[in-house]
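As stored in model38.txt (compact mmCIF, C-alpha atoms and all ligand atoms):
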```txt
# COMPACT_ATOMS: atom_id res chain seq x y z
CA MET A 1 20.98 -9.09 -4.45
CA TRP A 2 19.44 -6.89 -1.76
CA GLY A 3 21.50 -5.85 1.25
CA LEU A 4 20.60 -3.26 3.83
CA ILE A 5 20.43 -0.02 1.88
CA TYR A 6 22.02 3.18 3.12
CA VAL A 7 19.19 5.68 3.25
CA GLN A 8 19.68 9.32 2.46
CA ILE A 9 17.33 11.59 4.42
CA VAL A 10 16.35 14.88 2.80
CA ARG A 11 14.46 17.23 5.10
CA ILE A 12 12.13 19.74 3.49
CA HIS A 13 9.36 22.15 4.40
CA ALA A 14 6.20 21.47 2.41
CA LYS A 15 3.75 24.16 1.30
CA ARG A 16 0.63 22.17 2.06
CA ALA A 17 -0.38 18.95 3.74
CA PHE A 18 -3.27 17.66 1.63
CA THR A 19 -3.15 17.25 -2.15
CA PRO A 20 -6.29 16.66 -4.28
CA THR A 21 -6.18 13.24 -5.95
CA LYS A 22 -7.93 11.12 -8.56
CA ILE A 23 -7.08 7.92 -6.70
CA PRO A 24 -10.31 5.88 -6.57
CA GLY A 25 -12.04 6.18 -3.22
CA ALA A 26 -10.16 9.32 -2.11
CA ASP A 27 -10.42 13.10 -2.51
CA TYR A 28 -7.03 14.01 -1.03
CA VAL A 29 -3.72 12.30 -0.34
CA ILE A 30 -1.24 13.07 2.38
CA ASN A 31 2.42 12.06 2.09
CA GLN A 32 4.54 13.06 5.07
CA TYR A 33 7.31 11.10 3.38
CA ILE A 34 8.21 10.85 -0.27
CA GLY A 35 10.14 7.73 -1.08
CA CYS A 36 10.01 4.39 0.67
CA GLN A 37 12.59 2.23 2.41
CA HIS A 38 10.47 -0.84 1.77
CA ALA A 39 11.89 -0.66 -1.76
CA CYS A 40 9.40 -3.02 -3.40
CA MET A 41 10.75 -3.91 -6.82
CA TYR A 42 7.37 -3.39 -8.50
CA CYS A 43 6.51 -0.13 -6.69
CA TYR A 44 4.36 2.13 -8.89
CA ALA A 45 5.69 5.22 -7.08
CA ARG A 46 9.21 4.70 -8.50
CA PHE A 47 8.41 7.37 -11.05
CA MET A 48 9.11 9.88 -8.24
CA CYS A 49 12.84 9.27 -8.90
CA LYS A 50 12.40 11.47 -12.01
CA TRP A 51 11.64 14.47 -9.82
CA TYR A 52 13.80 13.55 -6.85
CA ASN A 53 17.15 12.72 -8.28
CA TYR A 54 18.75 11.17 -5.20
CA GLY A 55 19.40 7.67 -6.52
CA GLU A 56 17.65 4.33 -6.60
CA TRP A 57 14.13 3.94 -5.25
CA GLY A 58 14.41 2.87 -1.61
CA SER A 59 17.74 4.61 -1.02
CA TRP A 60 16.36 8.06 -0.18
CA ILE A 61 13.47 9.58 1.73
CA VAL A 62 12.20 13.12 1.61
CA VAL A 63 10.89 14.03 5.06
CA LYS A 64 8.32 16.84 5.23
CA GLU A 65 9.21 17.88 8.72
CA ASN A 66 6.70 20.73 8.98
CA LEU A 67 3.68 18.55 8.16
CA PRO A 68 2.51 18.16 11.78
CA LYS A 69 2.24 21.98 11.94
CA LEU A 70 0.62 22.35 8.51
CA VAL A 71 -1.96 19.67 9.13
CA LYS A 72 -3.20 21.58 12.17
CA LYS A 73 -4.16 24.57 10.02
CA GLU A 74 -5.65 22.84 6.95
CA LYS A 75 -9.26 21.71 6.85
CA VAL A 76 -10.50 19.44 4.06
CA LYS A 77 -13.83 17.89 3.19
CA GLY A 78 -13.93 14.41 1.75
CA GLU A 79 -11.81 11.31 2.12
CA VAL A 80 -8.10 11.44 2.76
CA TYR A 81 -5.73 8.64 1.80
CA MET A 82 -2.37 8.15 3.53
CA SER A 83 -0.09 7.68 1.53
CA SER A 84 0.35 7.49 -2.24
CA VAL A 85 4.13 7.77 -2.80
CA SER A 86 5.46 6.29 0.43
CA ASP A 87 4.55 3.94 3.25
CA PRO A 88 3.59 5.87 6.41
CA TYR A 89 5.11 3.09 8.55
CA GLN A 90 8.39 2.49 6.74
CA PRO A 91 11.34 1.80 9.11
CA ILE A 92 12.43 5.45 9.55
CA GLU A 93 9.05 6.18 11.17
CA LYS A 94 10.15 4.24 14.26
CA GLN A 95 12.80 6.87 14.86
CA LEU A 96 11.10 10.05 13.56
CA GLU A 97 7.49 9.43 14.61
CA LEU A 98 6.40 11.86 11.90
CA THR A 99 3.30 9.89 10.89
CA ARG A 100 2.27 9.73 14.53
CA ALA A 101 2.72 13.50 14.96
CA VAL A 102 0.71 14.18 11.78
CA LEU A 103 -2.12 11.96 13.03
CA GLN A 104 -2.08 13.53 16.47
CA ASN A 105 -2.49 17.01 14.98
CA MET A 106 -5.00 16.13 12.27
CA ASP A 107 -8.67 17.10 12.57
CA LYS A 108 -10.28 13.94 13.95
CA ASN A 109 -13.44 14.54 11.90
CA ILE A 110 -11.54 13.86 8.68
CA LYS A 111 -12.48 10.59 7.01
CA LEU A 112 -9.10 8.89 6.85
CA GLY A 113 -7.80 5.74 5.15
CA ILE A 114 -4.29 4.49 5.87
CA LEU A 115 -2.51 1.77 3.92
CA THR A 116 0.74 0.11 4.95
CA LYS A 117 2.87 -3.00 4.62
CA SER A 118 4.17 -2.73 8.17
CA SER A 119 2.98 -4.10 11.49
CA MET A 120 4.43 -0.93 13.06
CA VAL A 121 0.96 0.51 12.36
CA LEU A 122 -0.19 -1.11 15.62
CA ARG A 123 1.88 1.41 17.59
CA ASP A 124 -0.69 4.15 16.78
CA ILE A 125 -3.90 2.37 17.76
CA ASP A 126 -4.43 4.91 20.55
CA VAL A 127 -4.47 7.77 18.00
CA PHE A 128 -6.66 5.85 15.51
CA LYS A 129 -9.27 5.53 18.25
CA GLN A 130 -9.60 9.31 18.42
CA PHE A 131 -10.82 9.53 14.78
CA LYS A 132 -14.55 9.43 14.03
CA ASP A 133 -14.16 7.60 10.73
CA ILE A 134 -10.95 5.74 10.05
CA GLU A 135 -10.02 2.65 8.05
CA ILE A 136 -6.65 0.96 8.36
CA GLY A 137 -5.47 -1.28 5.54
CA LEU A 138 -2.67 -3.78 5.30
CA THR A 139 -1.40 -4.85 1.91
CA VAL A 140 -1.37 -8.65 1.89
CA ASN A 141 -0.11 -11.17 -0.62
CA ASN A 142 1.27 -14.64 -0.20
CA PHE A 143 4.57 -14.47 -2.06
CA ASN A 144 6.81 -17.23 -0.78
CA LYS A 145 9.85 -16.34 1.34
CA ASP A 146 12.33 -16.33 -1.54
CA ILE A 147 10.12 -14.21 -3.78
CA LYS A 148 9.40 -11.76 -0.97
CA LYS A 149 13.12 -11.38 -0.27
CA GLU A 150 13.64 -10.32 -3.86
CA ILE A 151 10.65 -8.13 -4.58
CA GLU A 152 9.49 -6.84 -1.16
CA PRO A 153 12.73 -7.02 0.81
CA PHE A 154 12.12 -4.69 3.74
CA SER A 155 8.44 -4.77 4.64
CA SER A 156 6.82 -6.93 7.35
CA ASP A 157 6.18 -10.48 6.24
CA ASN A 158 2.69 -11.50 5.22
CA LYS A 159 2.02 -13.36 8.47
CA LYS A 160 2.76 -10.25 10.52
CA ARG A 161 0.52 -8.13 8.27
CA LEU A 162 -2.34 -10.61 8.76
CA GLU A 163 -1.72 -10.57 12.50
CA ALA A 164 -1.85 -6.77 12.43
CA LEU A 165 -5.25 -6.91 10.72
CA LYS A 166 -6.44 -9.26 13.46
CA VAL A 167 -5.23 -6.98 16.26
CA LEU A 168 -6.89 -3.95 14.65
CA HIS A 169 -10.12 -5.91 14.45
CA GLU A 170 -9.87 -6.95 18.09
CA GLU A 171 -9.27 -3.32 19.03
CA GLY A 172 -12.48 -2.30 17.26
CA ILE A 173 -10.78 -0.41 14.42
CA LYS A 174 -12.28 -0.80 10.96
CA ASN A 175 -9.72 -2.64 8.85
CA TYR A 176 -9.27 -3.78 5.28
CA ALA A 177 -7.02 -6.11 3.36
CA PHE A 178 -5.53 -4.70 0.18
CA VAL A 179 -4.73 -7.83 -1.80
CA SER A 180 -1.99 -6.67 -4.15
CA PRO A 181 -0.30 -7.17 -6.50
CA ILE A 182 -2.24 -10.14 -7.85
CA ILE A 183 0.11 -12.03 -10.18
CA PRO A 184 -0.78 -15.34 -11.84
CA GLY A 185 1.22 -18.18 -10.27
CA LEU A 186 2.49 -16.00 -7.41
CA THR A 187 -0.64 -14.84 -5.57
CA ASP A 188 -3.24 -17.23 -4.16
CA VAL A 189 -6.30 -15.03 -3.68
CA GLU A 190 -8.55 -17.83 -2.42
CA LYS A 191 -6.07 -18.76 0.34
CA LEU A 192 -5.67 -15.11 1.38
CA ILE A 193 -9.42 -14.69 1.73
CA LYS A 194 -9.68 -17.88 3.80
CA GLU A 195 -6.85 -16.76 6.10
CA SER A 196 -8.20 -13.28 6.70
CA ARG A 197 -12.00 -13.28 6.37
CA SER A 198 -12.78 -13.86 10.06
CA PHE A 199 -11.09 -10.57 11.07
CA THR A 200 -11.23 -8.38 7.97
CA ASP A 201 -14.00 -5.82 7.52
CA PHE A 202 -13.62 -5.36 3.77
CA TYR A 203 -11.29 -5.93 0.85
CA TRP A 204 -9.68 -4.17 -2.05
CA PHE A 205 -8.11 -6.28 -4.78
CA GLU A 206 -5.55 -5.08 -7.28
CA PHE A 207 -4.07 -6.94 -10.22
CA LEU A 208 -0.47 -6.17 -11.15
CA ASN A 209 -0.08 -3.04 -13.23
CA LEU A 210 2.70 -4.35 -15.46
CA ARG A 211 3.31 -1.03 -17.16
CA ALA A 212 3.77 0.88 -13.89
CA SER A 213 5.90 -1.85 -12.28
CA GLY A 214 9.03 -0.78 -14.16
CA LYS A 215 11.74 -2.38 -16.30
CA GLN A 216 13.58 -4.15 -13.50
CA PHE A 217 10.49 -5.95 -12.28
CA LYS A 218 9.38 -6.89 -15.79
CA GLN A 219 12.81 -8.38 -16.41
CA TRP A 220 12.72 -10.25 -13.10
CA LEU A 221 9.29 -11.71 -13.83
CA LYS A 222 10.27 -12.69 -17.37
CA GLN A 223 13.40 -14.49 -16.20
CA ASN A 224 12.08 -16.19 -13.06
CA TRP A 225 8.40 -16.69 -13.82
CA PRO A 226 8.14 -16.89 -17.60
CA GLU A 227 4.63 -18.41 -17.55
CA SER A 228 3.36 -15.63 -15.28
CA TYR A 229 5.02 -13.05 -17.52
CA LYS A 230 3.38 -14.54 -20.61
CA LYS A 231 0.00 -14.28 -18.94
CA VAL A 232 0.33 -10.73 -17.67
CA SER A 233 1.70 -9.42 -20.95
CA ASP A 234 -0.98 -11.01 -23.13
CA LYS A 235 -4.29 -9.11 -23.06
CA SER A 236 -6.56 -12.07 -23.71
CA LYS A 237 -4.70 -14.36 -21.27
CA ILE A 238 -4.70 -11.83 -18.47
CA LYS A 239 -8.38 -11.11 -19.05
CA GLU A 240 -9.16 -14.80 -18.75
CA TYR A 241 -7.10 -15.01 -15.53
CA MET A 242 -8.78 -11.91 -14.10
CA ASN A 243 -12.23 -13.30 -14.81
CA LYS A 244 -11.35 -16.49 -12.91
CA VAL A 245 -10.07 -14.54 -9.90
CA ILE A 246 -13.03 -12.12 -9.95
CA ASP A 247 -15.31 -15.15 -9.96
CA ILE A 248 -13.54 -16.51 -6.84
CA ILE A 249 -13.93 -13.10 -5.17
CA ARG A 250 -17.64 -12.84 -6.03
CA LYS A 251 -18.35 -16.34 -4.73
CA SER A 252 -16.48 -15.72 -1.47
CA ASN A 253 -19.28 -13.69 0.04
CA ILE A 254 -16.98 -11.06 1.52
CA SER A 255 -17.38 -7.31 1.54
CA VAL A 256 -15.49 -5.87 -1.45
CA ARG A 257 -14.88 -2.14 -1.86
CA GLY A 258 -13.22 -2.44 -5.24
CA ILE A 259 -11.22 -4.45 -7.72
CA VAL A 260 -8.52 -2.61 -9.60
CA THR A 261 -7.81 -4.28 -12.92
CA HIS A 262 -5.79 -1.63 -14.82
CA TYR A 263 -6.80 -3.44 -18.05
CA PRO A 264 -8.43 -1.34 -19.21
CA ASN A 265 -10.45 0.07 -16.41
CA PHE A 266 -11.19 0.21 -12.76
CA VAL A 267 -14.10 -1.75 -11.33
CA ILE A 268 -15.93 -0.76 -8.19
CA LEU A 269 -18.17 -3.17 -6.40
CA LYS A 270 -20.09 -1.99 -3.36
S1 LIG B 1 5.55 -0.23 0.53
FE1 LIG B 1 4.31 0.73 -1.04
S2 LIG B 1 5.24 2.74 -1.37
FE2 LIG B 1 6.72 1.48 -0.28
S3 LIG B 1 8.02 0.62 -1.88
FE3 LIG B 1 6.42 -0.87 -1.41
S4 LIG B 1 4.78 -0.46 -2.90
FE4 LIG B 1 6.15 1.34 -2.85
```

Output the structure of this file as structure tokens.
Ligand code: SF4
Amino acid sequence: MWGLIYVQIVRIHAKRAFTPTKIPGADYVINQYIGCQHACMYCYARFMCKWYNYGEWGSWIVVKENLPKLVKKEKVKGEVYMSSVSDPYQPIEKQLELTRAVLQNMDKNIKLGILTKSSMVLRDIDVFKQFKDIEIGLTVNNFNKDIKKEIEPFSSDNKKRLEALKVLHEEGIKNYAFVSPIIPGLTDVEKLIKESRSFTDFYWFEFLNLRASGKQFKQWLKQNWPESYKKVSDKSKIKEYMNKVIDIIRKSNISVRGIVTHYPNFVILK
């Protein structure tokens, strides 16, 4: 179903680098790219296609080429999250090095959190070390090979993401595992914790947001994993499942920054 997608690059000049956000745990977001070549089928940022009418999610990227300059001039107080509608280390970054340039020019006193699904993040360890307060997160999940090929076709595989967390830890950079999306029958949270706890500073957990995951993903889940679909689309069943997983998390004795449930609210544990 998924081949290598031709990617349309749209170069723009942005008006500002940092945007205020209501994303839990952050005051501002920074997106040097809009759009993402990783093309995850469930991506919650797909809604951007409404404003950027360039085709299917994953087939275009808006590149804010003046962001390295802008970021030099803008000062912000609070926590900055990179990125909310793109992955800062999607494949095009290897060629453009835009994320790297933005980081190099950014005020190193900014409290920065970066989240990615790519082991390319390790390239910028030298720049991360210049920041006073930085946290680097890798999204991890243990979808099997066939599932990953269908719903997360172009990101690093889970093993590489775990290895990246380990390297960051060994390099003395604060890291976190973002366990997401948690889907009954597809994600084994207990196994992920076991595999990562010795080199992970803290965790975020996020259950699937079915509503934001889009029609195509809903259809895919319904057809291929009908039992999982039944659970996630039934409020009492999903609540029961969440309670079981939250219980596993609580008993694991790990540091948890938050658990995002989406039904109906957001839970923070500190
Ligand atoms: S890596 Fe993140 S931003 Fe990119 S497609 Fe996947 S979920 Fe969306």

Open item on the list: List the spatial neighbours of Tyr54 of chain A as a list in words - criterion: any atom at most 10 Å away, all atoms listed in the file, same-chain residues fewer than 5 positions off excluded.
Closed with: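 Answer for this query is Gln8, Ile9, Val10, Cys49, Ser59, Trp60, Ile61 and Val62 of chain A.
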
Restricted to C-alpha atoms, what would the selected residues look like written as a CSV table (one decimal), in the coordinates of the input?
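Contents of the output file result01.csv:
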```csv
chain,number,residue,atom,x,y,z
A,8,GLN,CA,19.7,9.3,2.5
A,9,ILE,CA,17.3,11.6,4.4
A,10,VAL,CA,16.4,14.9,2.8
A,49,CYS,CA,12.8,9.3,-8.9
A,59,SER,CA,17.7,4.6,-1.0
A,60,TRP,CA,16.4,8.1,-0.2
A,61,ILE,CA,13.5,9.6,1.7
A,62,VAL,CA,12.2,13.1,1.6
```

Open item on the list: Let me make sure I understand: among A:Met242, A:Leu122, A:Leu221, A:Cys40, which one has the smallest atom-to-atom distance to ligand LIG 1 (chain B) if we use only C-alpha atoms and all ligand atoms?
Closed with: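 The closest residue to ligand LIG 1 (chain B) is A:Cys40.
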
Task: For Thr187 of chain A, the nearest of the candidates A:Ser156, A:Gln32, A:Ser228, A:Asn142, counting all atoms listed in the file - done: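 Going through A:Ser156, A:Gln32, A:Ser228, A:Asn142 one by one, the smallest distance to Thr187 of chain A is for A:Asn142.
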
Open item on the list: Rounded to one decimal, what separation in Å do you get between atom CA of Lys77 of chain A and atom CA of Ile110 of chain A?
Closed with: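 Atom-to-atom, atom CA of Lys77 of chain A and atom CA of Ile110 of chain A are spaced 7.2 Å apart.
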
- [ ] Take atom CA of Val179 of chain A and atom CA of Ile134 of chain A and report the distance between them in Å, one decimal.
- [x]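 Straight-line distance from atom CA of Val179 of chain A to atom CA of Ile134 of chain A works out to 19.1 Å.
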
Write out as JSON an axis-aligned box for ligand LIG 1 (chain B): all of its atoms listed in the file, 6 Å added on each side, centre and edge lengths in Å with one decimal.
```
{"center_x": 6.2, "center_y": 0.9, "center_z": -1.2, "size_x": 15.7, "size_y": 15.6, "size_z": 15.4}
```

TODO: To one decimal in Å, tell me the separation between atom CA of Gln219 of chain A and atom CA of Lys237 of chain A.
DONE: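 Distance between the two atoms: 19.1 Å.
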
- [ ] Using all atoms listed in the file, find the one residue out of A:Lys145, A:Arg46, A:Lys129, A:His169 that sits nearest to ligand LIG 1 (chain B).
- [x]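 Selected residue with least distance to ligand LIG 1 (chain B): A:Arg46.
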
- [ ] Could you give me the residues within 10 Å of ligand LIG 1 (chain B), counting all atoms listed in the file, as a ChimeraX atom specification?
- [x] /A:33-46,57-58,83-90,115-118,139,151-156,180-181,213

Open item on the list: Given only C-alpha atoms as the basis, pick out the residue of A:Lys50, A:Leu162, A:Phe143, A:Arg11 nearest to Leu96 of chain A.
Closed with: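 Looking only at the distances to Leu96 of chain A, the closest residue turns out to be A:Arg11.
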
Missing atoms in segment 203-238 of chain A: fill them in up to N, CA and C atoms and send the result as a PDB file, in the coordinates of the input.
```
ATOM      1  N   TYR A 203     -12.452  -5.658   1.695  1.00  0.00           N
ATOM      2  CA  TYR A 203     -11.290  -5.930   0.850  1.00  0.00           C
ATOM      3  C   TYR A 203     -11.213  -4.983  -0.341  1.00  0.00           C
ATOM      4  N   TRP A 204      -9.986  -4.700  -0.730  1.00  0.00           N
ATOM      5  CA  TRP A 204      -9.680  -4.170  -2.050  1.00  0.00           C
ATOM      6  C   TRP A 204      -8.806  -5.232  -2.729  1.00  0.00           C
ATOM      7  N   PHE A 205      -8.978  -5.371  -4.030  1.00  0.00           N
ATOM      8  CA  PHE A 205      -8.110  -6.280  -4.780  1.00  0.00           C
ATOM      9  C   PHE A 205      -7.467  -5.480  -5.913  1.00  0.00           C
ATOM     10  N   GLU A 206      -6.218  -5.770  -6.177  1.00  0.00           N
ATOM     11  CA  GLU A 206      -5.550  -5.080  -7.280  1.00  0.00           C
ATOM     12  C   GLU A 206      -4.664  -6.042  -8.070  1.00  0.00           C
ATOM     13  N   PHE A 207      -4.935  -6.139  -9.354  1.00  0.00           N
ATOM     14  CA  PHE A 207      -4.070  -6.940 -10.220  1.00  0.00           C
ATOM     15  C   PHE A 207      -2.819  -6.128 -10.535  1.00  0.00           C
ATOM     16  N   LEU A 208      -1.739  -6.841 -10.826  1.00  0.00           N
ATOM     17  CA  LEU A 208      -0.470  -6.170 -11.150  1.00  0.00           C
ATOM     18  C   LEU A 208      -0.667  -5.190 -12.312  1.00  0.00           C
ATOM     19  N   ASN A 209      -0.124  -4.001 -12.136  1.00  0.00           N
ATOM     20  CA  ASN A 209      -0.080  -3.040 -13.230  1.00  0.00           C
ATOM     21  C   ASN A 209       1.306  -3.177 -13.869  1.00  0.00           C
ATOM     22  N   LEU A 210       1.397  -4.014 -14.885  1.00  0.00           N
ATOM     23  CA  LEU A 210       2.700  -4.350 -15.460  1.00  0.00           C
ATOM     24  C   LEU A 210       3.438  -3.106 -15.956  1.00  0.00           C
ATOM     25  N   ARG A 211       2.688  -2.220 -16.593  1.00  0.00           N
ATOM     26  CA  ARG A 211       3.310  -1.030 -17.160  1.00  0.00           C
ATOM     27  C   ARG A 211       3.964  -0.160 -16.077  1.00  0.00           C
ATOM     28  N   ALA A 212       3.250  -0.001 -14.952  1.00  0.00           N
ATOM     29  CA  ALA A 212       3.770   0.880 -13.890  1.00  0.00           C
ATOM     30  C   ALA A 212       4.838   0.198 -13.029  1.00  0.00           C
ATOM     31  N   SER A 213       4.993  -1.128 -13.179  1.00  0.00           N
ATOM     32  CA  SER A 213       5.900  -1.850 -12.280  1.00  0.00           C
ATOM     33  C   SER A 213       7.380  -1.681 -12.647  1.00  0.00           C
ATOM     34  N   GLY A 214       7.645  -1.131 -13.804  1.00  0.00           N
ATOM     35  CA  GLY A 214       9.030  -0.780 -14.160  1.00  0.00           C
ATOM     36  C   GLY A 214       9.820  -1.891 -14.824  1.00  0.00           C
ATOM     37  N   LYS A 215      10.906  -1.463 -15.479  1.00  0.00           N
ATOM     38  CA  LYS A 215      11.740  -2.380 -16.300  1.00  0.00           C
ATOM     39  C   LYS A 215      12.344  -3.517 -15.480  1.00  0.00           C
ATOM     40  N   GLN A 216      12.873  -3.160 -14.308  1.00  0.00           N
ATOM     41  CA  GLN A 216      13.580  -4.150 -13.500  1.00  0.00           C
ATOM     42  C   GLN A 216      12.653  -5.301 -13.091  1.00  0.00           C
ATOM     43  N   PHE A 217      11.430  -4.918 -12.694  1.00  0.00           N
ATOM     44  CA  PHE A 217      10.490  -5.950 -12.280  1.00  0.00           C
ATOM     45  C   PHE A 217      10.048  -6.804 -13.464  1.00  0.00           C
ATOM     46  N   LYS A 218       9.791  -6.148 -14.586  1.00  0.00           N
ATOM     47  CA  LYS A 218       9.380  -6.890 -15.790  1.00  0.00           C
ATOM     48  C   LYS A 218      10.440  -7.933 -16.145  1.00  0.00           C
ATOM     49  N   GLN A 219      11.687  -7.503 -16.090  1.00  0.00           N
ATOM     50  CA  GLN A 219      12.810  -8.380 -16.410  1.00  0.00           C
ATOM     51  C   GLN A 219      12.865  -9.557 -15.430  1.00  0.00           C
ATOM     52  N   TRP A 220      12.674  -9.231 -14.154  1.00  0.00           N
ATOM     53  CA  TRP A 220      12.720 -10.250 -13.100  1.00  0.00           C
ATOM     54  C   TRP A 220      11.618 -11.305 -13.324  1.00  0.00           C
ATOM     55  N   LEU A 221      10.419 -10.807 -13.632  1.00  0.00           N
ATOM     56  CA  LEU A 221       9.290 -11.710 -13.830  1.00  0.00           C
ATOM     57  C   LEU A 221       9.524 -12.590 -15.070  1.00  0.00           C
ATOM     58  N   LYS A 222      10.012 -11.973 -16.116  1.00  0.00           N
ATOM     59  CA  LYS A 222      10.270 -12.690 -17.370  1.00  0.00           C
ATOM     60  C   LYS A 222      11.287 -13.809 -17.159  1.00  0.00           C
ATOM     61  N   GLN A 223      12.332 -13.507 -16.402  1.00  0.00           N
ATOM     62  CA  GLN A 223      13.400 -14.490 -16.200  1.00  0.00           C
ATOM     63  C   GLN A 223      13.013 -15.595 -15.227  1.00  0.00           C
ATOM     64  N   ASN A 224      12.340 -15.213 -14.133  1.00  0.00           N
ATOM     65  CA  ASN A 224      12.080 -16.190 -13.060  1.00  0.00           C
ATOM     66  C   ASN A 224      10.724 -16.866 -13.155  1.00  0.00           C
ATOM     67  N   TRP A 225       9.760 -16.162 -13.728  1.00  0.00           N
ATOM     68  CA  TRP A 225       8.400 -16.690 -13.820  1.00  0.00           C
ATOM     69  C   TRP A 225       7.862 -16.463 -15.235  1.00  0.00           C
ATOM     70  N   PRO A 226       8.493 -17.155 -16.199  1.00  0.00           N
ATOM     71  CA  PRO A 226       8.140 -16.890 -17.600  1.00  0.00           C
ATOM     72  C   PRO A 226       6.657 -17.125 -17.921  1.00  0.00           C
ATOM     73  N   GLU A 227       6.061 -18.149 -17.266  1.00  0.00           N
ATOM     74  CA  GLU A 227       4.630 -18.410 -17.550  1.00  0.00           C
ATOM     75  C   GLU A 227       3.761 -17.262 -17.033  1.00  0.00           C
ATOM     76  N   SER A 228       4.109 -16.758 -15.849  1.00  0.00           N
ATOM     77  CA  SER A 228       3.360 -15.630 -15.280  1.00  0.00           C
ATOM     78  C   SER A 228       3.523 -14.414 -16.188  1.00  0.00           C
ATOM     79  N   TYR A 229       4.754 -14.210 -16.646  1.00  0.00           N
ATOM     80  CA  TYR A 229       5.020 -13.050 -17.520  1.00  0.00           C
ATOM     81  C   TYR A 229       4.190 -13.143 -18.799  1.00  0.00           C
ATOM     82  N   LYS A 230       4.165 -14.358 -19.371  1.00  0.00           N
ATOM     83  CA  LYS A 230       3.380 -14.540 -20.610  1.00  0.00           C
ATOM     84  C   LYS A 230       1.939 -14.148 -20.376  1.00  0.00           C
ATOM     85  N   LYS A 231       1.412 -14.578 -19.227  1.00  0.00           N
ATOM     86  CA  LYS A 231       0.000 -14.280 -18.940  1.00  0.00           C
ATOM     87  C   LYS A 231      -0.238 -12.784 -18.760  1.00  0.00           C
ATOM     88  N   VAL A 232       0.604 -12.141 -17.955  1.00  0.00           N
ATOM     89  CA  VAL A 232       0.330 -10.730 -17.670  1.00  0.00           C
ATOM     90  C   VAL A 232       0.590  -9.817 -18.863  1.00  0.00           C
ATOM     91  N   SER A 233       1.391 -10.295 -19.810  1.00  0.00           N
ATOM     92  CA  SER A 233       1.700  -9.420 -20.950  1.00  0.00           C
ATOM     93  C   SER A 233       0.835  -9.730 -22.177  1.00  0.00           C
ATOM     94  N   ASP A 234      -0.095 -10.671 -22.013  1.00  0.00           N
ATOM     95  CA  ASP A 234      -0.980 -11.010 -23.130  1.00  0.00           C
ATOM     96  C   ASP A 234      -2.414 -10.625 -22.732  1.00  0.00           C
ATOM     97  N   LYS A 235      -2.990  -9.673 -23.472  1.00  0.00           N
ATOM     98  CA  LYS A 235      -4.290  -9.110 -23.060  1.00  0.00           C
ATOM     99  C   LYS A 235      -5.391 -10.154 -22.910  1.00  0.00           C
ATOM    100  N   SER A 236      -5.465 -11.115 -23.835  1.00  0.00           N
ATOM    101  CA  SER A 236      -6.560 -12.070 -23.710  1.00  0.00           C
ATOM    102  C   SER A 236      -6.304 -13.048 -22.560  1.00  0.00           C
ATOM    103  N   LYS A 237      -5.010 -13.428 -22.373  1.00  0.00           N
ATOM    104  CA  LYS A 237      -4.700 -14.360 -21.270  1.00  0.00           C
ATOM    105  C   LYS A 237      -4.944 -13.717 -19.912  1.00  0.00           C
ATOM    106  N   ILE A 238      -4.549 -12.472 -19.778  1.00  0.00           N
ATOM    107  CA  ILE A 238      -4.700 -11.830 -18.470  1.00  0.00           C
ATOM    108  C   ILE A 238      -6.195 -11.590 -18.181  1.00  0.00           C
TER     109      ILE A 238
END
```
